[in-house]
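Asker: Got a structure for you, model.cif, holding mmCIF, C-alpha atoms (C1' of nucleotides).
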```cif
data_query
loop_
_atom_site.label_atom_id
_atom_site.label_comp_id
_atom_site.auth_asym_id
_atom_site.auth_seq_id
_atom_site.Cartn_x
_atom_site.Cartn_y
_atom_site.Cartn_z
CA MET A 1 13.11 -33.50 3.15
CA GLN A 2 14.50 -30.31 4.58
CA ASN A 3 13.58 -27.42 2.39
CA GLN A 4 15.61 -24.40 1.46
CA ILE A 5 13.82 -22.09 3.84
CA GLU A 6 14.29 -24.35 6.87
CA GLN A 7 18.04 -24.42 6.26
CA LYS A 8 18.13 -20.65 5.92
CA CYS A 9 16.17 -20.24 9.15
CA ARG A 10 18.73 -22.37 10.91
CA ASP A 11 21.54 -20.30 9.41
CA ALA A 12 19.81 -17.13 10.55
CA GLY A 13 19.46 -18.47 14.08
CA LEU A 14 15.69 -18.74 13.94
CA LYS A 15 13.86 -21.40 15.89
CA LEU A 16 12.27 -24.08 13.78
CA THR A 17 8.79 -24.49 15.14
CA GLY A 18 6.06 -26.59 13.64
CA GLN A 19 4.32 -23.46 12.42
CA ARG A 20 7.44 -22.24 10.70
CA ARG A 21 7.95 -25.57 9.01
CA THR A 22 4.44 -25.38 7.66
CA ILE A 23 4.83 -21.80 6.48
CA ALA A 24 8.20 -22.68 4.94
CA LYS A 25 6.65 -25.61 3.12
CA VAL A 26 3.79 -23.54 1.74
CA LEU A 27 6.12 -20.76 0.62
CA THR A 28 8.53 -23.21 -0.99
CA GLU A 29 5.79 -24.95 -2.90
CA ALA A 30 4.07 -21.78 -4.10
CA THR A 31 4.70 -21.02 -7.75
CA ASP A 32 2.63 -17.85 -7.67
CA HIS A 33 2.93 -14.73 -5.52
CA PRO A 34 0.38 -15.40 -2.77
CA SER A 35 -1.00 -12.84 -0.34
CA ALA A 36 -0.91 -13.29 3.44
CA ASN A 37 -4.54 -14.32 3.32
CA GLU A 38 -3.91 -16.91 0.63
CA LEU A 39 -0.90 -18.22 2.55
CA PHE A 40 -3.03 -18.46 5.66
CA LYS A 41 -5.56 -20.60 3.83
CA ARG A 42 -2.86 -22.94 2.53
CA CYS A 43 -1.17 -23.17 5.92
CA THR A 44 -4.29 -23.90 7.95
CA GLU A 45 -5.17 -26.59 5.45
CA ILE A 46 -2.00 -28.38 6.52
CA ASP A 47 -2.16 -27.42 10.19
CA PRO A 48 -5.21 -25.57 11.52
CA ARG A 49 -3.39 -24.54 14.69
CA ILE A 50 -1.57 -21.68 13.02
CA SER A 51 -2.77 -18.21 13.90
CA LEU A 52 -2.82 -15.28 11.55
CA SER A 53 -0.57 -13.27 13.90
CA THR A 54 2.03 -15.99 13.71
CA LEU A 55 1.88 -16.00 9.95
CA TYR A 56 2.32 -12.24 9.78
CA ARG A 57 5.13 -12.21 12.32
CA THR A 58 6.88 -15.06 10.57
CA LEU A 59 6.56 -13.33 7.22
CA ARG A 60 8.10 -10.21 8.71
CA VAL A 61 10.92 -12.15 10.32
CA LEU A 62 11.62 -14.08 7.13
CA GLU A 63 11.70 -10.88 5.12
CA GLU A 64 14.06 -9.23 7.60
CA ALA A 65 16.32 -12.26 7.24
CA ARG A 66 16.15 -11.78 3.44
CA ILE A 67 14.68 -15.25 3.09
CA ILE A 68 11.50 -14.07 1.46
CA GLN A 69 10.51 -10.91 -0.38
CA SER A 70 7.23 -9.02 -0.14
CA HIS A 71 5.72 -6.94 -2.91
CA ASP A 72 3.00 -4.34 -3.02
CA PHE A 73 1.23 -4.38 -6.35
CA GLY A 74 -1.25 -1.73 -5.23
CA GLU A 75 -4.00 -4.20 -4.41
CA GLY A 76 -4.29 -3.15 -0.79
CA TYR A 77 -2.32 -6.12 0.50
CA ALA A 78 1.15 -7.56 0.13
CA ARG A 79 2.23 -10.58 -1.90
CA PHE A 80 5.14 -12.84 -1.02
CA GLU A 81 7.73 -14.99 -2.73
CA VAL A 82 10.88 -16.80 -1.78
CA ALA A 83 13.84 -14.46 -2.30
CA LYS A 84 15.79 -15.21 -5.44
CA GLU A 85 19.50 -14.68 -5.91
CA LYS A 86 18.86 -12.12 -8.61
CA PRO A 87 16.49 -9.26 -7.94
CA HIS A 88 13.89 -9.01 -10.64
CA ASP A 89 10.92 -6.97 -11.77
CA HIS A 90 7.32 -7.92 -12.34
CA LEU A 91 4.70 -7.88 -15.03
CA ILE A 92 1.22 -8.15 -13.57
CA ASP A 93 -1.53 -9.63 -15.74
CA LEU A 94 -4.48 -7.30 -15.19
CA VAL A 95 -6.93 -9.95 -16.35
CA SER A 96 -5.84 -13.00 -14.35
CA GLY A 97 -3.66 -11.47 -11.64
CA ASP A 98 -0.78 -13.70 -12.73
CA VAL A 99 2.69 -12.34 -12.12
CA HIS A 100 5.61 -12.81 -14.50
CA GLU A 101 9.19 -12.07 -13.50
CA PHE A 102 11.81 -10.50 -15.67
CA ASN A 103 15.21 -8.91 -15.47
CA HIS A 104 16.57 -6.78 -18.26
CA PRO A 105 20.13 -5.47 -18.10
CA ASP A 106 19.22 -2.36 -20.10
CA LEU A 107 16.77 -1.45 -17.39
CA GLU A 108 19.44 -1.72 -14.73
CA ARG A 109 21.78 0.52 -16.69
CA LEU A 110 19.05 3.00 -17.45
CA LYS A 111 17.91 3.46 -13.88
CA GLN A 112 21.45 4.16 -12.70
CA PHE A 113 21.92 6.61 -15.55
CA ILE A 114 18.72 8.49 -14.75
CA ALA A 115 19.47 8.66 -11.03
CA LYS A 116 22.95 9.94 -11.67
CA GLU A 117 21.55 12.84 -13.68
CA PHE A 118 19.73 13.94 -10.54
CA GLY A 119 22.81 13.36 -8.40
CA TYR A 120 21.60 10.17 -6.77
CA ASP A 121 22.61 6.56 -6.28
CA VAL A 122 19.78 4.05 -6.61
CA VAL A 123 19.40 1.95 -3.48
CA ARG A 124 16.45 -0.05 -4.72
CA HIS A 125 13.79 0.33 -7.33
CA ARG A 126 10.35 -0.81 -8.22
CA VAL A 127 9.40 -1.55 -11.79
CA GLU A 128 5.98 -3.01 -12.39
CA LEU A 129 4.26 -3.42 -15.73
CA TYR A 130 0.51 -3.76 -15.53
CA ALA A 131 -0.56 -5.34 -18.77
CA ILE A 132 -3.18 -7.25 -20.69
CA PRO A 133 -2.57 -10.27 -22.92
CA ILE A 134 -2.24 -9.60 -26.64
CA LYS A 135 -5.13 -11.33 -28.36
CA SER A 136 -3.44 -13.10 -31.23
CA SER A 137 -6.63 -13.96 -33.14
CA GLN A 138 -7.60 -10.34 -33.29
CA SER A 139 -6.56 -8.08 -36.15
CA LYS A 140 -3.43 -6.09 -35.62
CA ARG A 141 -3.77 -3.15 -33.34
CA ARG A 142 -3.77 0.27 -34.89
CA ARG A 143 -1.20 1.55 -32.48
CA VAL A 144 2.23 0.83 -33.90
CA ARG A 145 4.85 -0.48 -31.59
CA SER A 146 7.31 2.20 -30.52
CA MET B 1 -9.00 34.10 -10.12
CA GLN B 2 -10.06 30.68 -11.21
CA ASN B 3 -7.46 27.96 -11.03
CA GLN B 4 -6.89 25.08 -13.39
CA ILE B 5 -8.60 22.53 -11.18
CA GLU B 6 -11.75 24.61 -10.70
CA GLN B 7 -12.17 24.86 -14.47
CA LYS B 8 -11.66 21.14 -14.86
CA CYS B 9 -14.23 20.44 -12.14
CA ARG B 10 -16.71 22.56 -14.05
CA ASP B 11 -15.91 20.67 -17.25
CA ALA B 12 -16.40 17.36 -15.44
CA GLY B 13 -19.78 18.46 -14.12
CA LEU B 14 -18.66 18.62 -10.50
CA LYS B 15 -20.21 21.10 -8.10
CA LEU B 16 -17.88 23.83 -6.97
CA THR B 17 -18.28 24.04 -3.24
CA GLY B 18 -16.22 26.13 -0.89
CA GLN B 19 -14.42 23.03 0.30
CA ARG B 20 -13.52 22.01 -3.22
CA ARG B 21 -12.21 25.47 -3.99
CA THR B 22 -9.95 25.24 -0.96
CA ILE B 23 -8.75 21.74 -1.84
CA ALA B 24 -8.19 22.84 -5.45
CA LYS B 25 -6.18 25.83 -4.29
CA VAL B 26 -4.00 23.75 -1.99
CA LEU B 27 -3.38 21.12 -4.67
CA THR B 28 -2.60 23.75 -7.29
CA GLU B 29 -0.11 25.52 -5.07
CA ALA B 30 1.65 22.37 -3.90
CA THR B 31 5.04 21.86 -5.49
CA ASP B 32 5.68 18.62 -3.62
CA HIS B 33 3.70 15.36 -3.50
CA PRO B 34 1.66 15.79 -0.32
CA SER B 35 -0.17 13.03 1.53
CA ALA B 36 -3.84 13.23 2.46
CA ASN B 37 -2.82 14.14 5.97
CA GLU B 38 -0.54 16.92 4.81
CA LEU B 39 -3.25 18.20 2.47
CA PHE B 40 -5.69 18.19 5.35
CA LYS B 41 -3.36 20.35 7.41
CA ARG B 42 -2.96 22.85 4.60
CA CYS B 43 -6.69 22.93 3.87
CA THR B 44 -7.83 23.42 7.44
CA GLU B 45 -5.34 26.24 7.77
CA ILE B 46 -7.29 28.07 5.08
CA ASP B 47 -10.73 26.88 6.17
CA PRO B 48 -11.11 24.83 9.37
CA ARG B 49 -14.59 23.69 8.38
CA ILE B 50 -13.32 20.99 6.04
CA SER B 51 -13.65 17.43 7.26
CA LEU B 52 -11.26 14.62 6.54
CA SER B 53 -14.01 12.58 4.89
CA THR B 54 -14.65 15.40 2.47
CA LEU B 55 -11.00 15.62 1.62
CA TYR B 56 -10.76 11.90 0.95
CA ARG B 57 -13.95 11.80 -1.08
CA THR B 58 -12.87 14.84 -3.09
CA LEU B 59 -9.47 13.30 -3.75
CA ARG B 60 -11.16 10.17 -5.00
CA VAL B 61 -13.56 12.11 -7.19
CA LEU B 62 -10.77 14.25 -8.61
CA GLU B 63 -8.69 11.18 -9.37
CA GLU B 64 -11.62 9.46 -11.08
CA ALA B 65 -12.03 12.59 -13.20
CA ARG B 66 -8.31 12.36 -14.06
CA ILE B 67 -7.75 15.79 -12.56
CA ILE B 68 -5.26 14.59 -9.99
CA GLN B 69 -3.06 11.55 -9.67
CA SER B 70 -2.32 9.53 -6.56
CA HIS B 71 0.84 7.56 -5.92
CA ASP B 72 1.81 4.87 -3.47
CA PHE B 73 5.48 5.03 -2.63
CA GLY B 74 5.17 2.24 -0.09
CA GLU B 75 5.00 4.54 2.89
CA GLY B 76 1.62 3.28 4.06
CA TYR B 77 -0.28 6.23 2.67
CA ALA B 78 -0.92 7.82 -0.71
CA ARG B 79 0.59 10.99 -2.09
CA PHE B 80 -1.12 13.29 -4.56
CA GLU B 81 -0.27 15.63 -7.38
CA VAL B 82 -2.13 17.52 -10.09
CA ALA B 83 -2.28 15.33 -13.19
CA LYS B 84 0.20 16.33 -15.85
CA GLU B 85 -0.29 15.97 -19.58
CA LYS B 86 2.65 13.60 -19.80
CA PRO B 87 2.81 10.62 -17.49
CA HIS B 88 6.12 10.47 -15.69
CA ASP B 89 8.07 8.38 -13.24
CA HIS B 90 9.50 9.20 -9.84
CA LEU B 91 12.77 9.19 -8.01
CA ILE B 92 12.23 9.23 -4.25
CA ASP B 93 14.95 10.71 -2.06
CA LEU B 94 15.26 8.24 0.79
CA VAL B 95 16.88 10.84 3.01
CA SER B 96 14.56 13.82 2.65
CA GLY B 97 11.46 12.22 1.14
CA ASP B 98 11.66 14.63 -1.80
CA VAL B 99 10.26 13.38 -5.07
CA HIS B 100 11.79 14.12 -8.47
CA GLU B 101 9.93 13.50 -11.71
CA PHE B 102 11.43 12.15 -14.88
CA ASN B 103 10.49 10.71 -18.21
CA HIS B 104 12.95 8.81 -20.32
CA PRO B 105 11.97 7.66 -23.82
CA ASP B 106 14.28 4.63 -23.61
CA LEU B 107 12.32 3.46 -20.62
CA GLU B 108 9.04 3.69 -22.52
CA ARG B 109 10.47 1.68 -25.41
CA LEU B 110 11.99 -0.87 -23.10
CA LYS B 111 8.84 -1.57 -21.11
CA GLN B 112 6.84 -2.17 -24.29
CA PHE B 113 9.55 -4.43 -25.60
CA ILE B 114 9.68 -6.49 -22.43
CA ALA B 115 5.90 -6.84 -22.24
CA LYS B 116 5.71 -7.92 -25.84
CA GLU B 117 8.14 -10.75 -25.14
CA PHE B 118 5.61 -12.10 -22.66
CA GLY B 119 2.74 -11.53 -25.09
CA TYR B 120 1.32 -8.50 -23.31
CA ASP B 121 0.41 -4.89 -23.95
CA VAL B 122 1.34 -2.51 -21.14
CA VAL B 123 -1.69 -0.62 -19.85
CA ARG B 124 0.16 1.31 -17.18
CA HIS B 125 3.38 0.96 -15.32
CA ARG B 126 5.08 2.00 -12.16
CA VAL B 127 8.74 2.89 -12.09
CA GLU B 128 10.13 4.24 -8.86
CA LEU B 129 13.76 4.77 -8.02
CA TYR B 130 14.52 4.93 -4.32
CA ALA B 131 17.83 6.66 -4.02
CA ILE B 132 20.24 8.56 -1.83
CA PRO B 133 22.12 11.72 -2.82
CA ILE B 134 25.64 11.30 -4.09
CA LYS B 135 27.73 12.92 -1.38
CA SER B 136 31.10 13.50 -3.00
CA SER B 137 30.32 15.83 -5.87
CA GLN B 138 27.46 18.26 -6.22
CA SER B 139 27.33 17.17 -9.87
CA LYS B 140 24.10 17.58 -11.70
CA ARG B 141 21.54 18.48 -9.09
CA ARG B 142 18.37 20.36 -9.96
CA ARG B 143 18.52 19.16 -13.51
CA VAL B 144 14.94 18.86 -14.66
CA ARG B 145 13.67 16.78 -17.52
CA SER B 146 10.12 16.78 -18.63
"C1'" DC C 1 16.67 -37.49 29.16
"C1'" DT C 2 15.46 -33.41 31.83
"C1'" DC C 3 15.92 -28.41 32.85
"C1'" DT C 4 15.85 -23.94 31.50
"C1'" DC C 5 14.61 -19.84 29.32
"C1'" DA C 6 14.73 -16.92 25.39
"C1'" DA C 7 12.10 -17.15 21.52
"C1'" DA C 8 7.71 -18.28 19.58
"C1'" DT C 9 2.66 -18.73 19.69
"C1'" DA C 10 -2.59 -17.79 20.25
"C1'" DA C 11 -6.25 -14.87 20.71
"C1'" DG C 12 -7.82 -10.88 20.47
"C1'" DA C 13 -7.12 -5.82 21.04
"C1'" DA C 14 -5.00 -1.93 18.75
"C1'" DT C 15 -3.58 0.84 14.77
"C1'" DA C 16 -3.93 3.66 10.77
"C1'" DA C 17 -5.31 4.93 6.23
"C1'" DT C 18 -9.31 5.10 3.95
"C1'" DT C 19 -14.38 4.40 3.05
"C1'" DC C 20 -19.05 4.27 4.48
"C1'" DT C 21 -23.48 5.85 6.86
"C1'" DA C 22 -27.13 8.78 7.84
"C1'" DA C 23 -28.73 13.15 8.75
"C1'" DC C 24 -28.06 17.67 7.46
"C1'" DT C 25 -26.53 21.57 3.84
"C1'" DT C 26 -25.91 23.90 -0.46
"C1'" DG C 27 -24.81 24.90 -5.49
"C1'" DC C 28 -27.17 25.81 -9.31
"C1'" DA C 29 -30.70 24.90 -13.05
"C1'" DC C 30 -35.26 26.25 -13.48
"C1'" DG D 1 -36.64 32.15 -4.91
"C1'" DT D 2 -37.36 26.75 -5.06
"C1'" DG D 3 -36.29 22.02 -5.48
"C1'" DC D 4 -33.37 18.54 -5.28
"C1'" DA D 5 -29.33 16.03 -6.53
"C1'" DA D 6 -24.85 16.43 -5.15
"C1'" DG D 7 -21.92 17.60 -1.32
"C1'" DT D 8 -20.69 17.84 3.64
"C1'" DT D 9 -20.12 16.37 8.50
"C1'" DA D 10 -19.02 13.46 12.42
"C1'" DG D 11 -18.26 9.48 13.62
"C1'" DA D 12 -18.69 4.45 12.81
"C1'" DA D 13 -16.90 0.77 9.88
"C1'" DT D 14 -13.43 -1.56 7.21
"C1'" DT D 15 -9.20 -3.89 6.33
"C1'" DA D 16 -4.46 -5.24 6.31
"C1'" DT D 17 -1.22 -5.48 9.55
"C1'" DT D 18 1.01 -4.99 14.23
"C1'" DC D 19 0.95 -5.20 19.15
"C1'" DT D 20 -0.04 -7.16 23.91
"C1'" DT D 21 -0.13 -10.52 27.29
"C1'" DA D 22 -0.39 -14.86 29.03
"C1'" DT D 23 1.09 -19.39 27.67
"C1'" DT D 24 3.93 -22.82 25.20
"C1'" DT D 25 8.05 -24.76 23.07
"C1'" DG D 26 12.66 -25.54 20.64
"C1'" DA D 27 17.04 -26.63 21.47
"C1'" DG D 28 21.35 -26.07 24.08
"C1'" DA D 29 23.45 -27.36 28.68
"C1'" DG D 30 23.97 -30.49 32.07
#
```
Rewrite the coordinates I just gave you, this time as C-alpha cells.
Answerer:
Amino acid sequence: MQNQIEQKCRDAGLKLTGQRRTIAKVLTEATDHPSANELFKRCTEIDPRISLSTLYRTLRVLEEARIIQSHDFGEGYARFEVAKEKPHDHLIDLVSGDVHEFNHPDLERLKQFIAKEFGYDVVRHRVELYAIPIKSSQSKRRRVRS
Amino acid sequence: MQNQIEQKCRDAGLKLTGQRRTIAKVLTEATDHPSANELFKRCTEIDPRISLSTLYRTLRVLEEARIIQSHDFGEGYARFEVAKEKPHDHLIDLVSGDVHEFNHPDLERLKQFIAKEFGYDVVRHRVELYAIPIKSSQSKRRRVRS
DNA sequence: CTCTCAAATAAGAATAATTCTAACTTGCAC
DNA sequence: GTGCAAGTTAGAATTATTCTTATTTGAGAG
C-alpha cells in the first residue's frame, strides 16, 4: 500500500512524514485538478493536524522534485496534478470547471516551427483551450467549422 | 492630437479625465507589454498626480470595454497591451522578457479540431511559447507575422 | 532500541498584486 | 454656470502564497 508518490519521495531523498503520506494519498487519488484549498480540505478530512503552510511547502517541494505539476488556469489560484510521463495540454470546461488533457503531435511540431521562425528554441509552452460543451440537441451552429 | 484609445473611450461612454488621457498616451506609445507597475512608473513621470488605484481601475475598465488586453505570463503580475483587431499568441523570451506576437492559421484549425474531439467549442484560448534565443545562427530574427 | 540532528511542521506574520472604501473632485449634459 | 454621476485619492482590505521562529520528528548510526 505504498503509493507512487511515496516511492518517488524516497528516491528524491525526501522525508516521509505523516503529513506527506496524507498529501501523497490525496494527490494520488485525485482524478481532477484540485486547487491548494481543495487539497487542504481533503487532507484535513483524513488528518486534521495538517497545516496549510505544510501543504503549500510540500506542494512546492514535490513540484521541484518533478513529482507533481502545478497549473495556472487564470482563476487566481494554482491547480495540481501528479506529473505524467508525457507532458500534455489542457481543455478547460468553462461551464463545469472540468479539465480534459490532450496531446497532439501536430501541436508539438507547430510550436517548434513557429519558434524557429523567430530564432528561438521552445523550452516549455502553455496551451489551454477554454471551451463550452457542444449542445447536441440544438440545431447546427451557423458558424462553419474551419 | 487625439489618440486611438481616447476616441474609443468616448465611443464607450467613458469620461475623459486627465488621468485617463495620460494612461491612454502611455498605453498607445508602449511597444512592449508593460506590467501595471511599469505603466505606473511611466504615467507618474508624465503626471505624478495619478494614483495606483486609478491606474488599476482604469485598466480594468479599459479591458472590460475591450480597448486593452491583459495577459498573465505566469510572472505573478499581469501585462497589458492595446487590443488588436486580430487575436494573437505570444512567444516569451525567457532571457530578456521580450514578447513576440504571432498568429498561425494551422494553430487556429488545430485547436478547433482538438476541442471538437472532446465535444467542445473553443471560446478562447491561451498559447504561450516560453523560449530561449538560438545562439549559433542569427537566422530569422525580427521576422514579423501578423 | 536509543541518540542525534537535519529536515519537517504549526501557527501566525509577512508579502505582493490587485480591489475595495469612503470622502472628496471633476467632466460634461443641461 | 450647475448638478450630479462618474472618477479620483489614500490607504485599508483581500487573497493566494511564502516566510519566520520555535518545536517536533524521521531515519540513519551506534
Asker: What does the PyMOL selection byres ((chain A) within 8 of (chain C)) select in this file, as a PyMOL selection string?
Answerer: chain A and resi 15+17+51+54
Asker: CA of Ala12 in chain B to CA of Ile50 in chain B: how many Å, to one decimal?
Answerer: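 Straight-line distance from CA of Ala12 in chain B to CA of Ile50 in chain B works out to 22.0 Å.
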Asker: Residues of chain D within 10 Å of chain B, using only C-alpha atoms (C1' of nucleotides), as an mmCIF file with C-alpha atoms (C1' of nucleotides), keeping the file's coordinate frame?
Answerer:
```
data_model
loop_
_atom_site.group_PDB
_atom_site.id
_atom_site.type_symbol
_atom_site.label_atom_id
_atom_site.label_comp_id
_atom_site.auth_asym_id
_atom_site.auth_seq_id
_atom_site.Cartn_x
_atom_site.Cartn_y
_atom_site.Cartn_z
ATOM 1 C "C1'" DA D 6 -24.850 16.430 -5.150
ATOM 2 C "C1'" DG D 7 -21.920 17.600 -1.320
ATOM 3 C "C1'" DT D 8 -20.690 17.840 3.640
ATOM 4 C "C1'" DT D 9 -20.120 16.370 8.500
ATOM 5 C "C1'" DA D 10 -19.020 13.460 12.420
#
```
Asker: Would you give the centre and edge lengths, in Å to one decimal, of a box along x, y and z around the listed atoms of range 8-12 of chain D, with 5 Å added to each side, as lines of an AutoDock Vina configuration file?
Answerer:
```
center_x = -19.5
center_y = 11.1
center_z = 8.6
size_x = 12.4
size_y = 23.4
size_z = 20.0
```
Asker: For the file shown, report as a PyMOL selection string the outcome of the PyMOL selection byres ((chain A) within 12 of (chain B)) at residue level.
Answerer: chain A and resi 70-78+89-95+98-136+141+143-146
Asker: Over all C-alpha atoms, paired in order, superpose chain A onto chain B by least squares and report how large the RMSD is in Å.
Answerer: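 With all C-alpha atoms paired in order, the RMSD is 4.6 Å.
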Asker: Counting only C-alpha atoms (C1' of nucleotides), figure out which residue out of A:Gln4, A:Asn37, A:Ser96, A:Thr22 gets nearest to DT17 in chain D.
Answerer: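 The shortest atom-to-atom distance to DT17 in chain D comes from A:Asn37.
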Asker: So the first atom is CA of Leu62 in chain A and the second is C1' of DA22 in chain D; what is the distance between them in Å, to one decimal place?
Answerer: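 Computed distance, CA of Leu62 in chain A to C1' of DA22 in chain D, equals 25.0 Å.
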Asker: Report the distance between CA of Val61 in chain A and CA of Leu39 in chain A in Å, rounded to one decimal place.
Answerer: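 Computing it gives 15.4 Å between the two atoms.
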